[in-house]
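Student: The following file, work07.cif, comprises mmCIF, C-alpha atoms:
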```cif
data_input
loop_
_atom_site.label_atom_id
_atom_site.label_comp_id
_atom_site.auth_asym_id
_atom_site.auth_seq_id
_atom_site.Cartn_x
_atom_site.Cartn_y
_atom_site.Cartn_z
CA MET A 23 -2.59 -2.99 23.99
CA LEU A 24 -3.33 -1.37 27.35
CA LEU A 25 -0.11 -2.75 28.84
CA ALA A 26 1.75 -1.54 25.76
CA SER A 27 0.34 1.96 26.38
CA TYR A 28 1.71 2.06 29.93
CA THR A 29 5.03 0.50 28.91
CA ALA A 30 5.51 2.92 26.02
CA GLY A 31 4.63 5.95 28.14
CA LEU A 32 7.06 5.05 30.89
CA SER A 33 9.75 4.11 28.37
CA PHE A 34 9.44 7.50 26.64
CA GLY A 35 9.98 9.35 29.91
CA LEU A 36 6.43 10.33 30.84
CA SER A 37 5.70 10.46 34.56
CA PRO A 38 3.30 7.85 36.03
CA ASP A 39 0.60 10.50 36.44
CA GLN A 40 1.06 11.65 32.84
CA VAL A 41 0.83 8.09 31.57
CA ALA A 42 -2.37 7.41 33.50
CA SER A 43 -4.05 10.66 32.44
CA THR A 44 -2.99 10.23 28.81
CA VAL A 45 -4.31 6.68 28.66
CA MET A 46 -7.65 7.73 30.15
CA GLU A 47 -7.86 10.76 27.86
CA GLY A 48 -7.07 8.71 24.75
CA PHE A 49 -9.50 5.93 25.66
CA GLY A 50 -12.31 8.36 26.51
CA ALA A 51 -11.82 10.56 23.45
CA THR A 52 -11.78 7.59 21.09
CA ILE A 53 -14.81 5.87 22.61
CA GLY A 54 -16.69 9.15 22.87
CA ASP A 55 -16.42 9.67 19.13
CA ILE A 56 -17.07 6.14 17.95
CA GLY A 57 -18.38 3.85 20.73
CA LEU A 58 -22.08 4.01 19.90
CA THR A 59 -21.39 3.71 16.19
CA ILE A 60 -19.44 0.49 16.77
CA ALA A 61 -22.16 -1.02 18.94
CA LEU A 62 -24.91 -0.22 16.42
CA GLY A 63 -22.83 -1.49 13.51
CA ALA A 64 -22.11 -4.79 15.27
CA LEU A 65 -25.78 -5.25 16.13
CA LEU A 66 -26.81 -4.51 12.53
CA GLY A 67 -24.33 -7.08 11.25
CA TYR A 68 -25.64 -9.83 13.52
CA ILE A 69 -29.27 -9.05 12.65
CA LEU A 70 -28.45 -9.37 8.95
CA GLU A 71 -26.77 -12.70 9.70
CA TYR A 72 -29.61 -13.90 11.91
CA CYS A 73 -32.40 -13.33 9.39
CA GLY A 74 -30.38 -14.66 6.46
CA ALA A 75 -30.09 -11.33 4.64
CA THR A 76 -26.43 -11.87 3.77
CA ILE A 77 -27.24 -15.25 2.24
CA SER A 78 -30.04 -13.62 0.23
CA ILE A 79 -27.62 -10.96 -1.02
CA ALA A 80 -25.19 -13.65 -2.15
CA LYS A 81 -27.94 -15.65 -3.87
CA GLY A 82 -29.28 -12.50 -5.51
CA ILE A 83 -25.88 -11.59 -6.97
CA ILE A 84 -25.37 -15.16 -8.20
CA CYS A 85 -28.80 -15.01 -9.82
CA ILE A 86 -28.04 -11.65 -11.46
CA LEU A 87 -24.91 -13.19 -13.00
CA GLY A 88 -27.00 -16.09 -14.30
CA GLY A 89 -25.41 -18.66 -12.02
CA ARG A 90 -22.05 -18.22 -13.76
CA PHE A 91 -18.79 -16.61 -12.72
CA PRO A 92 -18.69 -17.87 -9.11
CA GLY A 93 -15.51 -15.93 -8.37
CA ILE A 94 -16.99 -12.62 -9.51
CA ALA A 95 -20.21 -13.34 -7.59
CA LEU A 96 -18.26 -13.97 -4.38
CA ALA A 97 -16.11 -10.88 -4.90
CA ILE A 98 -19.17 -8.64 -5.31
CA THR A 99 -20.88 -10.27 -2.33
CA GLY A 100 -17.87 -9.85 -0.06
CA TYR A 101 -17.39 -6.25 -1.24
CA ILE A 102 -20.97 -5.39 -0.19
CA VAL A 103 -21.39 -7.51 2.93
CA SER A 104 -18.24 -6.30 4.71
CA ILE A 105 -19.41 -2.68 4.74
CA PRO A 106 -21.53 -3.12 7.90
CA ILE A 107 -20.04 -6.45 9.07
CA TYR A 108 -16.52 -7.21 10.27
CA CYS A 109 -14.62 -9.29 7.74
CA ASP A 110 -14.16 -12.14 10.26
CA SER A 111 -17.92 -12.53 10.71
CA GLY A 112 -18.54 -11.96 7.01
CA PHE A 113 -16.31 -14.87 6.01
CA ILE A 114 -18.00 -17.23 8.48
CA ILE A 115 -21.45 -16.17 7.24
CA LEU A 116 -20.62 -16.56 3.54
CA ASN A 117 -18.49 -19.68 3.88
CA SER A 118 -21.43 -21.97 3.12
CA ILE A 119 -22.07 -20.10 -0.13
CA ARG A 120 -18.38 -20.40 -1.00
CA ARG A 121 -18.41 -24.15 -0.39
CA TYR A 122 -21.58 -24.52 -2.44
CA LEU A 123 -20.05 -22.66 -5.39
CA ALA A 124 -16.80 -24.62 -5.15
CA LYS A 125 -18.72 -27.89 -5.30
CA THR A 126 -21.31 -27.05 -7.97
CA HIS A 127 -18.90 -25.24 -10.31
CA ASN A 128 -15.87 -27.47 -9.63
CA VAL A 129 -13.76 -24.43 -8.76
CA SER A 130 -10.62 -24.41 -6.62
CA PRO A 131 -11.53 -23.76 -2.95
CA VAL A 132 -8.26 -21.84 -2.54
CA PHE A 133 -9.24 -19.54 -5.41
CA LEU A 134 -12.69 -18.83 -3.97
CA SER A 135 -11.35 -18.43 -0.43
CA THR A 136 -8.79 -15.87 -1.60
CA VAL A 137 -11.41 -13.98 -3.63
CA LEU A 138 -13.89 -13.86 -0.76
CA GLY A 139 -11.26 -13.11 1.89
CA SER A 140 -9.66 -10.24 -0.03
CA ALA A 141 -13.03 -8.70 -1.01
CA LEU A 142 -14.24 -8.69 2.59
CA TYR A 143 -10.88 -7.31 3.72
CA ALA A 144 -10.97 -4.44 1.21
CA THR A 145 -14.18 -2.74 2.32
CA HIS A 146 -13.49 -3.61 5.96
CA THR A 147 -10.32 -1.51 5.80
CA LEU A 148 -11.35 1.32 3.49
CA VAL A 149 -15.10 2.00 3.64
CA LEU A 150 -17.24 3.84 6.19
CA PRO A 151 -18.94 3.21 8.58
CA THR A 152 -16.44 0.47 9.53
CA PRO A 153 -14.78 1.64 12.80
CA GLY A 154 -11.18 1.78 11.51
CA PRO A 155 -11.59 4.25 8.64
CA LEU A 156 -14.26 6.19 10.53
CA ILE A 157 -12.03 6.81 13.56
CA ALA A 158 -9.09 7.63 11.29
CA ALA A 159 -11.26 10.20 9.50
CA ILE A 160 -12.11 11.75 12.86
CA ASN A 161 -8.43 11.76 13.88
CA PHE A 162 -7.51 13.49 10.62
CA GLN A 163 -10.27 16.09 11.18
CA LEU A 164 -12.29 14.99 8.15
CA THR A 165 -15.69 14.70 9.82
CA GLY A 166 -17.06 17.40 7.52
CA TYR A 167 -15.96 15.45 4.45
CA LEU A 168 -17.34 11.97 5.22
CA PRO A 169 -19.16 11.66 1.85
CA ILE A 170 -15.85 12.18 0.04
CA VAL A 171 -14.13 9.70 2.35
CA LEU A 172 -16.93 7.20 1.68
CA MET A 173 -16.88 7.57 -2.11
CA LEU A 174 -13.11 7.43 -2.43
CA GLY A 175 -13.05 4.46 -0.05
CA LEU A 176 -15.53 2.61 -2.27
CA VAL A 177 -13.37 3.24 -5.35
CA LEU A 178 -10.11 2.23 -3.67
CA SER A 179 -11.67 -0.87 -2.11
CA LEU A 180 -12.96 -1.86 -5.55
CA LEU A 181 -9.41 -1.67 -6.89
CA ALA A 182 -8.19 -3.68 -3.89
CA THR A 183 -10.88 -6.30 -4.54
CA VAL A 184 -9.82 -6.59 -8.18
CA THR A 185 -6.19 -6.95 -7.05
CA GLY A 186 -7.14 -9.81 -4.72
CA PHE A 187 -9.16 -11.44 -7.50
CA LEU A 188 -6.24 -11.30 -9.95
CA TRP A 189 -3.88 -12.83 -7.40
CA ALA A 190 -6.44 -15.56 -6.71
CA LEU A 191 -6.35 -16.41 -10.41
CA CYS A 192 -2.57 -16.79 -10.19
CA ILE A 193 -2.71 -19.32 -7.33
CA ARG A 194 -5.92 -21.13 -8.30
CA LYS A 195 -4.04 -24.42 -8.80
CA LEU A 196 -3.05 -24.60 -5.12
CA VAL A 197 -4.98 -27.19 -3.13
CA PRO A 198 -5.76 -27.23 0.61
CA ALA A 199 -3.90 -29.73 2.77
CA ARG A 200 -7.09 -31.30 4.10
CA LEU A 201 -10.82 -31.40 3.50
CA GLU A 202 -12.71 -28.31 4.54
CA SER A 203 -13.61 -28.47 8.20
CA GLU A 204 -17.08 -27.94 9.61
CA LEU A 205 -17.96 -24.67 11.25
CA VAL A 206 -16.69 -24.46 14.80
CA GLU A 207 -19.77 -22.54 15.92
CA GLU A 208 -23.34 -23.12 14.77
CA PRO A 209 -24.17 -20.24 12.44
CA LEU A 210 -27.05 -17.91 13.19
CA ALA A 211 -27.92 -17.48 9.54
CA ASN A 212 -31.21 -18.83 8.26
CA GLU A 213 -29.96 -20.23 4.98
CA SER A 214 -33.44 -21.33 3.90
CA SER A 215 -34.92 -17.83 4.11
CA GLU A 216 -36.10 -16.21 0.89
CA ILE A 217 -35.73 -12.49 1.55
CA PRO A 218 -36.14 -10.37 -1.59
CA PHE A 219 -32.79 -8.98 -2.71
CA HIS A 220 -33.86 -5.33 -2.44
CA LYS A 221 -35.07 -5.82 1.14
CA ALA A 222 -31.90 -7.69 2.13
CA ILE A 223 -29.55 -5.04 0.79
CA ALA A 224 -31.56 -2.02 2.03
CA PRO A 225 -30.08 -2.01 5.59
CA ILE A 226 -26.58 -1.86 4.07
CA MET A 227 -27.32 0.83 1.50
CA MET A 228 -29.36 3.02 3.86
CA PRO A 229 -26.45 4.22 6.08
CA MET A 230 -24.21 4.83 3.07
CA LEU A 231 -26.83 6.91 1.25
CA LEU A 232 -27.67 8.91 4.36
CA ILE A 233 -24.01 9.65 5.15
CA SER A 234 -23.48 10.83 1.56
CA ALA A 235 -26.65 12.93 1.47
CA GLY A 236 -25.98 14.33 4.93
CA GLY A 237 -22.54 15.54 3.99
CA ILE A 238 -23.87 17.28 0.90
CA ALA A 239 -26.89 18.81 2.66
CA SER A 240 -24.89 20.02 5.66
CA HIS A 241 -23.75 23.04 3.63
CA GLY A 242 -27.33 24.24 3.17
CA GLY A 243 -29.21 26.46 5.62
CA SER A 244 -32.80 25.24 5.15
CA ILE A 245 -34.73 23.11 7.62
CA VAL A 246 -34.68 20.18 5.19
CA SER A 247 -30.88 20.43 4.88
CA GLN A 248 -30.53 20.43 8.66
CA TRP A 249 -32.63 17.29 8.99
CA VAL A 250 -30.81 15.51 6.17
CA GLY A 251 -27.50 16.48 7.78
CA PHE A 252 -28.80 15.15 11.10
CA LEU A 253 -29.76 11.80 9.55
CA GLY A 254 -26.39 11.67 7.79
CA GLN A 255 -24.42 11.53 11.03
CA PRO A 256 -22.95 8.00 11.35
CA VAL A 257 -24.87 7.07 14.51
CA ASN A 258 -28.20 8.22 13.07
CA ALA A 259 -27.48 6.61 9.70
CA LEU A 260 -26.83 3.26 11.40
CA LEU A 261 -30.04 3.67 13.41
CA ALA A 262 -31.87 4.09 10.11
CA GLY A 263 -30.14 0.94 8.83
CA LEU A 264 -31.35 -0.93 11.93
CA ALA A 265 -34.88 0.36 11.31
CA ALA A 266 -34.70 -0.99 7.75
CA ALA A 267 -33.51 -4.35 9.14
CA LEU A 268 -36.32 -4.75 11.68
CA PRO A 269 -38.90 -6.04 9.12
CA LEU A 270 -36.43 -8.81 8.25
CA LEU A 271 -36.54 -10.29 11.76
CA LYS A 272 -39.61 -12.34 10.84
CA TYR A 273 -37.42 -14.41 8.50
CA GLY A 274 -35.17 -15.60 11.34
CA PRO A 275 -35.77 -18.43 13.82
CA GLU A 276 -37.54 -17.05 16.88
CA ASP A 277 -35.56 -19.20 19.31
CA LYS A 278 -32.31 -17.55 18.19
CA LEU A 279 -33.34 -13.89 18.33
CA GLN A 280 -32.09 -13.42 21.88
CA VAL A 281 -28.84 -15.18 20.98
CA CYS A 282 -28.47 -12.86 17.99
CA ILE A 283 -28.89 -9.70 20.06
CA SER A 284 -26.56 -11.02 22.78
CA ARG A 285 -23.84 -11.88 20.27
CA GLY A 286 -24.19 -8.50 18.57
CA LEU A 287 -23.83 -6.57 21.82
CA GLU A 288 -20.99 -8.83 22.96
CA ALA A 289 -19.12 -8.34 19.69
CA GLY A 290 -19.71 -4.58 19.85
CA GLY A 291 -18.38 -4.42 23.40
CA LYS A 292 -15.21 -6.30 22.46
CA ILE A 293 -14.59 -4.04 19.49
CA VAL A 294 -15.19 -0.91 21.61
CA LEU A 295 -12.59 -2.06 24.15
CA ILE A 296 -10.03 -2.88 21.47
CA VAL A 297 -10.62 0.43 19.69
CA GLY A 298 -10.45 2.39 22.97
CA CYS A 299 -7.17 0.76 23.97
CA GLY A 300 -5.80 1.45 20.49
CA GLY A 301 -6.74 5.11 20.87
CA ALA A 302 -5.06 5.23 24.28
CA PHE A 303 -1.87 3.76 22.80
CA GLY A 304 -1.95 6.33 20.01
CA TYR A 305 -2.34 9.21 22.47
CA VAL A 306 0.63 7.98 24.49
CA LEU A 307 2.77 7.87 21.36
CA GLN A 308 1.55 11.30 20.32
CA ASN A 309 2.47 12.85 23.69
CA SER A 310 5.90 11.21 23.78
CA GLU A 311 9.14 12.34 22.16
CA LEU A 312 8.47 10.02 19.22
CA THR A 313 6.57 12.74 17.34
CA GLU A 314 9.44 15.20 17.79
CA LEU A 315 11.87 12.56 16.53
CA PHE A 316 9.94 12.27 13.27
CA THR A 317 9.43 16.02 12.76
CA THR A 318 13.08 16.88 13.35
CA ASN A 319 14.46 14.15 11.11
CA PRO A 320 14.52 15.19 7.42
CA GLY A 321 14.77 11.56 6.37
CA PHE A 322 11.32 10.85 7.80
CA VAL A 323 9.73 14.14 6.69
CA ASN A 324 10.79 13.58 3.08
CA LEU A 325 8.90 10.27 2.96
CA GLY A 326 5.59 12.08 2.39
CA LEU A 327 2.65 9.68 2.03
CA PHE A 328 4.99 6.72 2.35
CA LEU A 329 5.48 7.48 6.07
CA PRO A 330 1.81 6.93 7.07
CA PHE A 331 1.80 3.77 4.97
CA VAL A 332 4.95 2.36 6.58
CA MET A 333 3.88 3.30 10.08
CA ALA A 334 0.48 1.61 9.75
CA ALA A 335 2.07 -1.41 8.03
CA ILE A 336 4.60 -1.87 10.84
CA ILE A 337 1.88 -1.72 13.51
CA LYS A 338 -0.42 -4.03 11.55
CA THR A 339 2.27 -6.59 10.81
CA ALA A 340 3.46 -6.53 14.42
CA GLU A 341 0.16 -6.78 16.32
CA GLY A 342 -2.30 -8.18 13.78
CA SER A 343 -5.33 -5.88 14.08
CA THR A 344 -6.17 -3.72 11.08
CA THR A 345 -8.45 -1.48 13.15
CA VAL A 346 -5.87 -0.85 15.87
CA ALA A 347 -3.14 -0.23 13.28
CA LEU A 348 -5.27 2.33 11.47
CA ILE A 349 -6.31 4.12 14.65
CA THR A 350 -2.81 4.21 16.15
CA ALA A 351 -1.13 5.31 12.93
CA SER A 352 -3.67 8.07 12.32
CA VAL A 353 -3.23 9.47 15.84
CA LEU A 354 0.54 9.39 15.46
CA ILE A 355 0.62 10.85 11.93
CA ASN A 356 -1.84 13.69 12.51
CA PRO A 357 0.63 16.05 14.29
CA LEU A 358 3.22 15.30 11.59
CA LEU A 359 1.03 16.51 8.70
CA PRO A 360 2.44 20.08 8.59
CA ALA A 361 6.00 18.77 8.44
CA LEU A 362 4.99 16.29 5.72
CA GLY A 363 3.30 19.03 3.67
CA LEU A 364 -0.09 17.36 4.08
CA ASP A 365 -1.81 19.90 6.33
CA THR A 366 -4.67 20.56 3.89
CA THR A 367 -8.02 18.85 3.40
CA THR A 368 -6.71 17.00 0.36
CA GLY A 369 -3.47 16.10 2.15
CA ARG A 370 -5.37 14.76 5.16
CA LEU A 371 -7.58 12.72 2.87
CA PHE A 372 -4.58 11.15 1.16
CA ALA A 373 -2.86 10.57 4.51
CA LEU A 374 -5.97 8.73 5.71
CA PHE A 375 -5.94 6.31 2.79
CA ALA A 376 -2.17 5.89 2.94
CA CYS A 377 -2.68 4.74 6.54
CA SER A 378 -5.50 2.46 5.37
CA ALA A 379 -3.24 0.94 2.74
CA GLY A 380 -0.59 0.28 5.37
CA ALA A 381 -3.20 -1.22 7.72
CA MET A 382 -3.95 -3.80 5.00
CA THR A 383 -0.32 -4.92 4.91
CA ILE A 384 -0.21 -7.75 5.84
CA ALA A 385 -2.56 -10.40 7.27
CA HIS A 386 -0.48 -13.30 8.55
CA VAL A 387 -0.19 -15.69 11.51
CA ASN A 388 -0.89 -13.10 14.23
CA ASP A 389 -4.15 -11.98 12.59
CA SER A 390 -7.38 -13.70 13.71
CA TYR A 391 -8.82 -13.23 10.21
CA PHE A 392 -5.96 -15.30 8.77
CA TRP A 393 -6.81 -18.23 11.05
CA ILE A 394 -10.55 -17.97 10.43
CA ILE A 395 -9.92 -18.40 6.71
CA THR A 396 -7.53 -21.31 7.21
CA GLU A 397 -9.83 -23.05 9.72
CA PHE A 398 -12.97 -22.85 7.60
CA THR A 399 -11.33 -23.74 4.28
CA GLY A 400 -8.92 -26.50 5.26
CA MET A 401 -5.85 -24.61 4.02
CA ASP A 402 -2.54 -25.34 5.70
CA THR A 403 -0.42 -22.44 6.93
CA ALA A 404 1.93 -22.47 3.93
CA THR A 405 -0.96 -22.33 1.44
CA ALA A 406 -2.66 -19.54 3.39
CA LEU A 407 0.56 -17.52 3.42
CA LYS A 408 0.86 -17.89 -0.35
CA SER A 409 -2.77 -16.92 -0.93
CA ILE A 410 -4.21 -14.62 1.75
CA THR A 411 -0.99 -13.03 3.01
CA VAL A 412 0.36 -12.22 -0.44
CA ALA A 413 -3.07 -10.98 -1.54
CA THR A 414 -3.31 -8.52 1.37
CA PHE A 415 0.23 -7.31 0.68
CA LEU A 416 -0.59 -6.64 -2.97
CA GLN A 417 -3.84 -4.92 -2.01
CA GLY A 418 -2.04 -2.51 0.31
CA VAL A 419 0.65 -1.72 -2.25
CA VAL A 420 -1.88 -1.11 -5.05
CA VAL A 421 -3.96 1.22 -2.86
CA LEU A 422 -0.82 3.17 -1.90
CA MET A 423 0.22 3.47 -5.56
CA VAL A 424 -3.21 4.80 -6.54
CA VAL A 425 -3.20 7.30 -3.65
CA GLN A 426 0.29 8.46 -4.63
CA PHE A 427 -0.85 8.87 -8.25
CA LEU A 428 -3.93 10.86 -7.21
CA ALA A 429 -1.80 13.11 -5.00
CA PHE A 430 0.65 13.74 -7.83
CA PHE A 431 -2.13 14.28 -10.38
CA LEU A 432 -4.05 16.73 -8.21
CA ASP A 433 -0.86 18.63 -7.38
CA VAL A 434 -0.09 18.96 -11.08
CA LEU A 435 -3.69 19.90 -11.84
CA THR A 436 -3.87 22.47 -9.06
CA LEU A 437 -0.47 24.09 -9.44
CA GLN A 438 -0.06 24.08 -13.20
CA THR A 439 -3.19 23.26 -15.19
CA LEU A 440 -5.73 25.44 -13.40
CA PRO A 441 -3.72 28.70 -13.58
CA PHE A 442 -3.09 28.06 -17.25
CA LEU A 443 -6.80 27.49 -17.94
CA VAL A 444 -7.79 30.61 -15.96
CA SER A 445 -5.32 32.82 -17.84
CA TYR A 446 -6.42 31.30 -21.17
CA LEU A 447 -10.10 31.96 -20.47
#
```
Can you turn what I pasted into C-alpha cells?
Tutor:
Amino acid sequence: MLLASYTAGLSFGLSPDQVASTVMEGFGATIGDIGLTIALGALLGYILEYCGATISIAKGIICILGGRFPGIALAITGYIVSIPIYCDSGFIILNSIRRYLAKTHNVSPVFLSTVLGSALYATHTLVLPTPGPLIAAINFQLTGYLPIVLMLGLVLSLLATVTGFLWALCIRKLVPARLESELVEEPLANESSEIPFHKAIAPIMMPMLLISAGGIASHGGSIVSQWVGFLGQPVNALLAGLAAALPLLKYGPEDKLQVCISRGLEAGGKIVLIVGCGGAFGYVLQNSELTELFTTNPGFVNLGLFLPFVMAAIIKTAEGSTTVALITASVLINPLLPALGLDTTTGRLFALFACSAGAMTIAHVNDSYFWIITEFTGMDTATALKSITVATFLQGVVVLMVVQFLAFFLDVLTLQTLPFLVSYL
C-alpha cells in the first residue's frame, strides 16, 4: 500500500517532494485520529478471547434459544462478537463452537461456516468502533453524529446478516472437499470457563452504550452532559470496555496472560500500520488530478450513491482489505460530495454506508478472511467461492439497496411530505 501511494503520486504528476509530504500527512492524520482506538480495540478483543468471554457469549445465546436453531445462534453470536473483534480473529475463536454445533445437530458445516462468516463480516464492516467505519465517519466529518452512525450501522448489519443467512440456506447441501482441519495456532480461549453471560457481554456493550449516550449528551451544557460526552468519545469508551473486561482475567490461564497482551498489541500495531498506509494512499489520490476527473465528468457525478459503492468495491476486490477499501474510498469520495449532491449531514451519512456496502463486495482469494474460513472448515476454493464470496456480494448489494431506498424516502419525506403537513396544520 505504501509503494502504491508513491507510485500513484508520481504517476499522477506530483513532484517527489509533494508525494513524500502527502504520504506523511495522510499517514499522520489517519493515525492521529484512530491509532489509539485501534490499539485499545485489538487489546480488548484478545482479552475477551483469552478469558473465554466469547465462548461464554456463544453458549449463552445457544442456551437462550433452548439448544435449538444452531444457525440462528451462530448468526447472533457472530453479529455481537465482531463488534470489538476483527472478523478474522472472531472466526478462529468461534470455530470450535461451530464445529460442536455441526456435529451435535448434524448440520452442514458449509451452512454454519457461511452463517458465521457473513455475520462476523457484517458488523466488522458496518458497526463502530471497528476501525473501518470509524475512520470513514471521521473522513466524512460525522464525528458529531457517531450515535446515529452506530445505530444505523447496527440496523444495516442486521439486514446483511439475514442476507448471509438466507444464502447459507440456499447452499446448505454443499459439502467440504476434506475433513475440517485442526487449528493452525493454539487458541488462547479458555473454553472450559463459565463466565456469566451478562459479565461476558458487558465489555462489548459498554463502549456502544457510552458512544450513544455521549453523542446525545454532547448537546447539553451541564457538567453531567460534559462528562457523559467525554466518556462517549471512542477512546474513552473502549477504555471503559477494558475496565469492564479486567474482572474477567481471573477466568483465563495465568501462563497465557502475557501471550494474550503481546498478541493484542502486536495485532493492534499491524492494523495501525495498514490503516495508516491506507490513509496515505487516499490522501495521494485526493491531491491528484483523479478528483478533478470525477467532478468534471457528468457521467460520474450522475451516479450519486452508486459512485462511492463502486469505488469502494473496486478497491476491495482489487486489494482484499475491507478496512483499507473503506478508508481509501471515503477519503477519495469526500471532496466529491458537493458535486454528487451529498454535501449535507444526511448525504454524508448515506455516502458513508454506500462506501461500507462497496467495501463488503467481495471477499475472494486475495482476502485473508476468505482463506481463514477455508482453512478452518475444510472447504475447497470452489465451495468457498460459491458460499462466502457470493454471500459477501449479496450482503453489499442489499446494504446499498437499503441505503438507496432510505435516501429516496427521506428526500420524498423532506421535500414533499413535510411542507404539506406544515401547511395542513
Student: Would you mind listing what lies within 10 Å of range 61-67 of chain A as a ChimeraX atom specification, with only C-alpha atoms counted and same-chain residues fewer than 3 positions away left out?
Tutor: /A:56-58,70-72,75-76,103-108,111-112,151-153,225-226,256-261,263-268,282-294
Student: Please provide as a PyMOL selection string all residues within 10 Å of range 364-374 of chain A, with the sequence filter that same-chain residues fewer than 5 positions apart are discarded (counting all atoms listed in the file).
Tutor: chain A and resi 148+155-156+158-164+167+170-171+174+326-331+348+351-352+355-359+379+422+425-426+428-429+432-433
Student: So that I have them on file, write out the residues from the current selection with C-alpha atoms, as a PDB file, keeping the file's coordinate frame.
Tutor:
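Written output follows (part_34.pdb):
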```pdb
ATOM      1  CA  LEU A 148     -11.350   1.320   3.490  1.00  0.00           C
ATOM      2  CA  PRO A 155     -11.590   4.250   8.640  1.00  0.00           C
ATOM      3  CA  LEU A 156     -14.260   6.190  10.530  1.00  0.00           C
ATOM      4  CA  ALA A 158      -9.090   7.630  11.290  1.00  0.00           C
ATOM      5  CA  ALA A 159     -11.260  10.200   9.500  1.00  0.00           C
ATOM      6  CA  ILE A 160     -12.110  11.750  12.860  1.00  0.00           C
ATOM      7  CA  ASN A 161      -8.430  11.760  13.880  1.00  0.00           C
ATOM      8  CA  PHE A 162      -7.510  13.490  10.620  1.00  0.00           C
ATOM      9  CA  GLN A 163     -10.270  16.090  11.180  1.00  0.00           C
ATOM     10  CA  LEU A 164     -12.290  14.990   8.150  1.00  0.00           C
ATOM     11  CA  TYR A 167     -15.960  15.450   4.450  1.00  0.00           C
ATOM     12  CA  ILE A 170     -15.850  12.180   0.040  1.00  0.00           C
ATOM     13  CA  VAL A 171     -14.130   9.700   2.350  1.00  0.00           C
ATOM     14  CA  LEU A 174     -13.110   7.430  -2.430  1.00  0.00           C
ATOM     15  CA  GLY A 326       5.590  12.080   2.390  1.00  0.00           C
ATOM     16  CA  LEU A 327       2.650   9.680   2.030  1.00  0.00           C
ATOM     17  CA  PHE A 328       4.990   6.720   2.350  1.00  0.00           C
ATOM     18  CA  LEU A 329       5.480   7.480   6.070  1.00  0.00           C
ATOM     19  CA  PRO A 330       1.810   6.930   7.070  1.00  0.00           C
ATOM     20  CA  PHE A 331       1.800   3.770   4.970  1.00  0.00           C
ATOM     21  CA  LEU A 348      -5.270   2.330  11.470  1.00  0.00           C
ATOM     22  CA  ALA A 351      -1.130   5.310  12.930  1.00  0.00           C
ATOM     23  CA  SER A 352      -3.670   8.070  12.320  1.00  0.00           C
ATOM     24  CA  ILE A 355       0.620  10.850  11.930  1.00  0.00           C
ATOM     25  CA  ASN A 356      -1.840  13.690  12.510  1.00  0.00           C
ATOM     26  CA  PRO A 357       0.630  16.050  14.290  1.00  0.00           C
ATOM     27  CA  LEU A 358       3.220  15.300  11.590  1.00  0.00           C
ATOM     28  CA  LEU A 359       1.030  16.510   8.700  1.00  0.00           C
ATOM     29  CA  ALA A 379      -3.240   0.940   2.740  1.00  0.00           C
ATOM     30  CA  LEU A 422      -0.820   3.170  -1.900  1.00  0.00           C
ATOM     31  CA  VAL A 425      -3.200   7.300  -3.650  1.00  0.00           C
ATOM     32  CA  GLN A 426       0.290   8.460  -4.630  1.00  0.00           C
ATOM     33  CA  LEU A 428      -3.930  10.860  -7.210  1.00  0.00           C
ATOM     34  CA  ALA A 429      -1.800  13.110  -5.000  1.00  0.00           C
ATOM     35  CA  LEU A 432      -4.050  16.730  -8.210  1.00  0.00           C
ATOM     36  CA  ASP A 433      -0.860  18.630  -7.380  1.00  0.00           C
TER      37      ASP A 433
END
```
Student: What is the distance between CA of Phe91 in chain A and CA of Ala224 in chain A, in Å to one decimal?
Tutor: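 Computing the Euclidean distance for CA of Phe91 in chain A and CA of Ala224 in chain A yields 24.4 Å.
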Student: Fewer than 6 positions away in the same chain doesn't count, so skip those; otherwise give me all residues within 12 Å of Leu178 in chain A, counting all atoms listed in the file, as a list in words.
Tutor: Tyr101, Ala141, Ala144, Thr145, His146, Thr147, Leu148, Val149, Val171, Leu172, Val184, Thr185, Phe372, Phe375, Ala376, Ser378, Ala379, Gln417, Gly418, Val419, Val420, Val421, Leu422, Met423, Val424, Val425 and Leu428 of chain A
Student: Taking the file as shown, what set of residues would the PyMOL selection byres ((chain A and resi 44) around 8) give back, as number ranges by chain?
Tutor: A: 40-43, 45-48, 302, 305-306, 309
Student: Given the PyMOL selection byres ((chain A and resi 27) around 9) and the file above, list the residues it selects as an MDAnalysis selection string.
Tutor: chainID A and resid 23:26 28:32 41 45 299:300 302:307
Student: Kindly give the distance, in Å, that separates CA of Ala190 in chain A and CA of Val387 in chain A, rounded to a single decimal.
Tutor: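 Atom-to-atom, CA of Ala190 in chain A and CA of Val387 in chain A are spaced 19.3 Å apart.
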Student: Just to confirm, what's the straight-line distance from CA of Ile296 in chain A to CA of Thr345 in chain A in Å (one decimal)?
Tutor: 8.6 Å
Student: If we count only C-alpha atoms and set the cut-off at 12 Å, which residues sit around Ile217 in chain A, ignoring sequence neighbours fewer than 4 positions away in its own chain? Please answer as a PyMOL selection string.
Tutor: chain A and resi 70+73-82+212-213+221-224+267+269-274
Student: Looking at all atoms listed in the file, which of A:Ile53, A:Leu325, A:Met382, A:Leu253 is the one that sits closest to Ile337 in chain A?
Tutor: A:Met382
Student: Report as JSON the centre and the edge lengths, in Å to one decimal, of the axis-aligned box holding every listed atom of range 106-111 of chain A, padded by 4 Å on each side.
Tutor:
```
{"center_x": -17.8, "center_y": -7.8, "center_z": 9.2, "size_x": 15.4, "size_y": 17.4, "size_z": 11.0}
```
Student: Given the choices A:Thr383, A:Ser135, A:Thr344, A:Thr339, which gets closest to Thr399 in chain A if the distance is worked out from only C-alpha atoms?
Tutor: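 For Thr399 in chain A, the nearest of the given residues is A:Ser135.
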